[in-house]
Amino acid sequence: MATGSIRLTGRDIKCKDVSLIIPKGSIYSFHQLALHRNEHIFENADAFEPERWETADEEICGSFLPFALGNLNCVGQSLAISE
């Protein structure tokens, strides 16, 4: 899906602060536009600032998922990276 990713959980997933547990068998989705424009992670999140990647820390890199993750990631990922 171009706007996000939909998954079925194969196990219970605990958030880092353990305030939320996503139970096994749940269907969940995340919208990439909302993820990539999170003001708590990206300063001036709505602005086009390619230079932010020159000094990107682990939190910023871990919050950028243009191709999703896992076995069901984007089928065009290798083509996009090679371009």
# chains A, B, ... in the order shown; residues from 1 in each chain; ligands from 1
>>> residues_around(residues="region 30-37 of chain A", least_positions_apart="6", cutoff="8 Å", atoms="only C-alpha atoms", output="ChimeraX atom specification")
/A:3-6,45-46,63-66
>>> residues_around(residues="Tyr28 (chain A)", least_positions_apart="3", cutoff="10 Å", atoms="only C-alpha atoms", output="list in words")
Ser5, Ile6, Arg7, Leu8, Thr9, Ile22 and Gly25 of chain A
>>> atom_distance(atom1="CA of Phe48 (chain A)", atom2="CA of Val75 (chain A)")
25.7 Å
>>> residues_around(residues="Ile41 (chain A)", least_positions_apart="2", cutoff="8 Å", atoms="only C-alpha atoms", output="list in words")
Asn38, Glu39, Glu43, Glu59, Ile60 and Ser63 of chain A
>>> write_last_selection(atoms="C-alpha atoms", output="mmCIF file, in the first residue's frame")
data_model
loop_
_atom_site.group_PDB
_atom_site.id
_atom_site.type_symbol
_atom_site.label_atom_id
_atom_site.label_comp_id
_atom_site.auth_asym_id
_atom_site.auth_seq_id
_atom_site.Cartn_x
_atom_site.Cartn_y
_atom_site.Cartn_z
ATOM 1 C CA ASN A 38 5.979 13.407 13.459
ATOM 2 C CA GLU A 39 7.008 16.710 15.101
ATOM 3 C CA GLU A 43 12.148 19.177 13.526
ATOM 4 C CA GLU A 59 15.816 7.840 16.349
ATOM 5 C CA ILE A 60 15.349 9.696 13.065
ATOM 6 C CA SER A 63 11.430 6.471 12.192
#
>>> closest_residue(among="A:Glu83, A:Phe42, A:Gly10, A:Cys15", to="Ala56 (chain A)", atoms="only C-alpha atoms")
A:Phe42
